[in-house]
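What's in input.cif: mmCIF, C-alpha atoms
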```
data_data
#
loop_
_atom_site.group_PDB
_atom_site.id
_atom_site.type_symbol
_atom_site.label_atom_id
_atom_site.label_comp_id
_atom_site.auth_asym_id
_atom_site.auth_seq_id
_atom_site.Cartn_x
_atom_site.Cartn_y
_atom_site.Cartn_z
ATOM 1 C CA VAL U 124 -6.847 -8.501 2.840
ATOM 2 C CA ALA U 125 -4.251 -5.994 1.605
ATOM 3 C CA ALA U 126 -1.748 -7.196 4.203
ATOM 4 C CA LEU U 127 -2.189 -10.755 2.965
ATOM 5 C CA VAL U 128 -1.562 -9.674 -0.633
ATOM 6 C CA ALA U 129 1.612 -7.838 0.369
ATOM 7 C CA GLN U 130 2.850 -10.735 2.464
ATOM 8 C CA ARG U 131 2.134 -13.445 -0.096
ATOM 9 C CA TYR U 132 3.031 -11.746 -3.367
ATOM 10 C CA LEU U 133 5.692 -9.210 -2.407
ATOM 11 C CA LEU U 134 7.454 -10.406 0.728
ATOM 12 C CA THR U 135 7.447 -14.209 0.718
ATOM 13 C CA GLY U 136 10.850 -15.817 0.460
ATOM 14 C CA ARG U 137 12.746 -12.613 1.263
ATOM 15 C CA ALA U 138 13.077 -11.843 -2.445
ATOM 16 C CA LEU U 139 13.807 -8.225 -3.396
ATOM 17 C CA PRO U 140 15.901 -7.197 -0.398
ATOM 18 C CA GLU U 141 15.866 -3.538 -1.581
ATOM 19 C CA LEU U 142 12.065 -3.389 -1.479
ATOM 20 C CA ARG U 143 10.540 -1.120 1.159
ATOM 21 C CA VAL U 144 6.892 -1.491 2.087
ATOM 22 C CA TYR U 145 5.138 1.243 4.050
ATOM 23 C CA VAL U 146 1.727 0.308 5.399
ATOM 24 C CA ILE U 147 -0.584 3.008 6.691
ATOM 25 C CA TRP U 148 -3.490 1.644 8.693
ATOM 26 C CA GLU U 149 -6.492 3.965 8.973
ATOM 27 C CA PRO U 150 -10.113 3.681 10.114
ATOM 28 C CA ALA U 151 -11.413 3.492 6.550
ATOM 29 C CA GLN U 152 -15.019 2.561 7.201
ATOM 30 C CA GLY U 153 -15.729 4.429 10.403
ATOM 31 C CA HIS U 154 -15.930 1.302 12.545
ATOM 32 C CA ASP U 155 -12.337 0.199 11.960
ATOM 33 C CA GLU U 156 -10.233 0.430 15.068
ATOM 34 C CA ARG U 157 -6.555 0.274 15.833
ATOM 35 C CA GLU U 158 -6.909 -3.123 17.523
ATOM 36 C CA ALA U 159 -8.105 -4.719 14.271
ATOM 37 C CA ALA U 160 -5.200 -3.137 12.406
ATOM 38 C CA VAL U 161 -2.764 -4.471 14.993
ATOM 39 C CA LYS U 162 -4.034 -8.019 14.382
ATOM 40 C CA ALA U 163 -3.673 -7.659 10.607
ATOM 41 C CA ALA U 164 -0.301 -5.945 11.005
ATOM 42 C CA ALA U 165 1.066 -8.959 12.852
ATOM 43 C CA LEU U 166 1.329 -10.726 9.485
ATOM 44 C CA LEU U 167 4.029 -8.263 8.465
ATOM 45 C CA ASN U 168 5.860 -7.686 11.762
ATOM 46 C CA ASP U 169 8.721 -10.083 11.121
ATOM 47 C CA ASP U 170 9.911 -8.476 7.885
ATOM 48 C CA PRO U 171 12.501 -5.695 8.277
ATOM 49 C CA ARG U 172 11.493 -4.214 4.895
ATOM 50 C CA VAL U 173 8.072 -3.281 6.290
ATOM 51 C CA THR U 174 7.333 -0.113 8.257
ATOM 52 C CA GLN U 175 3.790 0.325 9.575
ATOM 53 C CA PHE U 176 1.902 3.384 10.761
ATOM 54 C CA TRP U 177 -1.515 4.060 12.303
ATOM 55 C CA SER U 178 -3.351 7.249 11.318
ATOM 56 C CA ARG U 179 -6.599 7.898 13.134
ATOM 57 C CA SER U 180 -7.005 11.143 11.134
ATOM 58 C CA ARG U 181 -7.103 9.277 7.784
ATOM 59 C CA PHE U 182 -4.314 11.507 6.503
ATOM 60 C CA ALA U 183 -3.120 9.179 3.731
ATOM 61 C CA GLY U 184 -6.609 8.262 2.559
ATOM 62 C CA ARG U 185 -7.464 11.913 2.133
ATOM 63 C CA ALA U 186 -4.076 12.864 0.671
ATOM 64 C CA PHE U 187 -4.335 10.308 -2.131
ATOM 65 C CA ARG U 188 -8.085 10.620 -2.765
ATOM 66 C CA GLU U 189 -7.756 13.133 -5.596
ATOM 67 C CA PRO U 190 -4.687 11.693 -7.396
ATOM 68 C CA LEU U 191 -6.428 8.296 -7.445
ATOM 69 C CA GLY U 192 -9.758 9.653 -8.667
ATOM 70 C CA PHE U 193 -11.828 8.867 -5.570
ATOM 71 C CA ALA U 194 -14.143 11.864 -5.854
ATOM 72 C CA SER U 195 -15.336 12.260 -2.290
ATOM 73 C CA ALA U 196 -14.362 9.044 -0.526
ATOM 74 C CA ALA U 197 -10.987 8.493 1.107
ATOM 75 C CA ALA U 198 -8.658 6.020 -0.575
ATOM 76 C CA TRP U 199 -8.207 2.706 1.255
ATOM 77 C CA ASP U 200 -6.979 -0.798 0.380
ATOM 78 C CA VAL U 201 -4.735 0.871 -2.176
ATOM 79 C CA PHE U 202 -1.292 -0.194 -3.334
ATOM 80 C CA LEU U 203 0.888 2.680 -4.503
ATOM 81 C CA LEU U 204 4.229 2.084 -6.172
ATOM 82 C CA PHE U 205 6.883 4.768 -6.301
ATOM 83 C CA ALA U 206 10.061 4.628 -8.367
ATOM 84 C CA PRO U 207 13.250 3.596 -6.565
ATOM 85 C CA GLY U 208 14.987 6.620 -5.101
ATOM 86 C CA SER U 209 11.758 8.605 -4.753
ATOM 87 C CA ARG U 210 11.844 11.010 -1.850
ATOM 88 C CA TRP U 211 8.939 12.372 0.105
ATOM 89 C CA THR U 212 9.165 16.062 0.793
ATOM 90 C CA VAL U 213 6.216 18.362 1.450
ATOM 91 C CA GLU U 214 4.288 16.420 -1.182
ATOM 92 C CA ALA U 215 4.334 12.769 -2.158
ATOM 93 C CA PRO U 216 6.473 11.829 -5.160
ATOM 94 C CA PRO U 217 4.735 10.917 -8.418
ATOM 95 C CA ILE U 218 2.899 7.586 -8.261
ATOM 96 C CA ALA U 219 4.435 5.076 -10.675
ATOM 97 C CA LEU U 220 1.478 2.692 -10.395
ATOM 98 C CA SER U 221 -1.610 2.297 -8.250
ATOM 99 C CA MET U 222 -3.878 -0.689 -7.815
ATOM 100 C CA ASN U 223 -7.035 -1.129 -5.764
ATOM 101 C CA ASN U 224 -10.475 -2.694 -5.979
ATOM 102 C CA ARG U 225 -12.496 0.498 -5.629
ATOM 103 C CA SER U 226 -11.501 2.379 -8.781
ATOM 104 C CA GLN U 227 -13.932 2.823 -11.633
ATOM 105 C CA ASP U 228 -10.962 2.217 -13.956
ATOM 106 C CA PRO U 229 -10.593 -1.544 -14.583
ATOM 107 C CA SER U 230 -6.894 -1.092 -15.426
ATOM 108 C CA GLN U 231 -6.319 -0.111 -11.779
ATOM 109 C CA HIS U 232 -8.077 -3.115 -10.233
ATOM 110 C CA LEU U 233 -5.827 -5.107 -7.954
ATOM 111 C CA GLU U 234 -4.371 -8.216 -9.541
ATOM 112 C CA ALA U 235 -1.820 -9.575 -7.087
ATOM 113 C CA LYS U 236 0.383 -11.309 -9.657
ATOM 114 C CA VAL U 237 0.386 -8.214 -11.886
ATOM 115 C CA LEU U 238 1.272 -6.071 -8.877
ATOM 116 C CA ALA U 239 4.193 -8.359 -8.020
ATOM 117 C CA ALA U 240 5.443 -8.249 -11.626
ATOM 118 C CA LYS U 241 5.234 -4.433 -11.681
ATOM 119 C CA VAL U 242 7.180 -4.235 -8.423
ATOM 120 C CA ARG U 243 9.897 -6.459 -9.895
ATOM 121 C CA ASP U 244 9.964 -4.296 -13.052
ATOM 122 C CA LEU U 245 10.577 -1.172 -10.954
ATOM 123 C CA MET U 246 13.311 -2.726 -8.821
ATOM 124 C CA PRO U 247 16.839 -2.397 -10.207
ATOM 125 C CA GLY U 248 18.485 -5.752 -10.748
ATOM 126 C CA ALA U 249 15.305 -7.726 -9.987
ATOM 127 C CA ARG U 250 14.670 -9.022 -13.484
#
```
For the structure just supplied, provide its representation as structure tokens.
Amino acid sequence: VAALVAQRYLLTGRALPELRVYVIWEPAQGHDEREAAVKAAALLNDDPRVTQFWSRSRFAGRAFREPLGFASAAAWDVFLLFAPGSRWTVEAPPIALSMNNRSQDPSQHLEAKVLAAKVRDLMPGAR
């Protein structure tokens, strides 16, 4: 589902050529396997702005669990926006915005059109 949201609301029409999308596929629910991720990833394969990774160890889900307020569960199906020019070093840069459908905070619930508008707001020259 998240790949469809990214494809439809962020990548369609090749708008925002400076946009970079990094997708980290992980076995979020224990039964998820790489083969299923590969099928979903195919939706994004033709866009040069997209870089995809597979993490069997659930590194990203665990790394962002606490900053996103997921007490004990790993974060998954999460959209994280970082300011243009952000650089990853030992730690992730500050999150400019996060959206998902698992948060207890209604202001963080994924609304695809709101997400797309926030991405455009963060992109220089996109307005």
query: Once the PyMOL selection byres ((chain U and resi 175-192) around 9) has been applied to the shown file, what residues remain in the selection, as a PyMOL selection string?
result: chain U and resi 144-151+156-157+160+164+167-168+173-174+193-199+201+215+218+221+226-227
Within 7 Å of region 234-250 of chain U using all atoms listed in the file, minus same-chain residues under 2 positions, as JSON, numbers by chain: {"U": [128, 132, 133, 139, 206, 207, 232]}
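Of note, CA of Leu134 (chain U) and CA of Glu158 (chain U) are spaced 23.3 Å apart.
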message: Just to confirm, what's the straight-line distance from CA of Arg225 (chain U) to CA of Ser209 (chain U) in Å (one decimal)?
response: 25.6 Å
- request: Enter the distance from CA of Arg172 (chain U) to CA of Arg143 (chain U), in Å, rounded to one decimal.
  value: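 Computing the Euclidean distance for CA of Arg172 (chain U) and CA of Arg143 (chain U) yields 4.9 Å.
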Taking 5 positions as the minimum chain separation for residues in the same chain, which residues sit within 10 Å of Gln130 (chain U) when counting only C-alpha atoms? Answer as a short mmCIF file (atom, residue, chain, number, x, y, z; two decimals) with C-alpha atoms, in the frame of the given file.
```
data_model
loop_
_atom_site.label_atom_id
_atom_site.label_comp_id
_atom_site.auth_asym_id
_atom_site.auth_seq_id
_atom_site.Cartn_x
_atom_site.Cartn_y
_atom_site.Cartn_z
CA VAL U 124 -6.85 -8.50 2.84
CA ALA U 125 -4.25 -5.99 1.60
CA THR U 135 7.45 -14.21 0.72
CA GLY U 136 10.85 -15.82 0.46
CA LEU U 166 1.33 -10.73 9.48
CA LEU U 167 4.03 -8.26 8.46
CA ASP U 170 9.91 -8.48 7.88
CA VAL U 173 8.07 -3.28 6.29
#
```
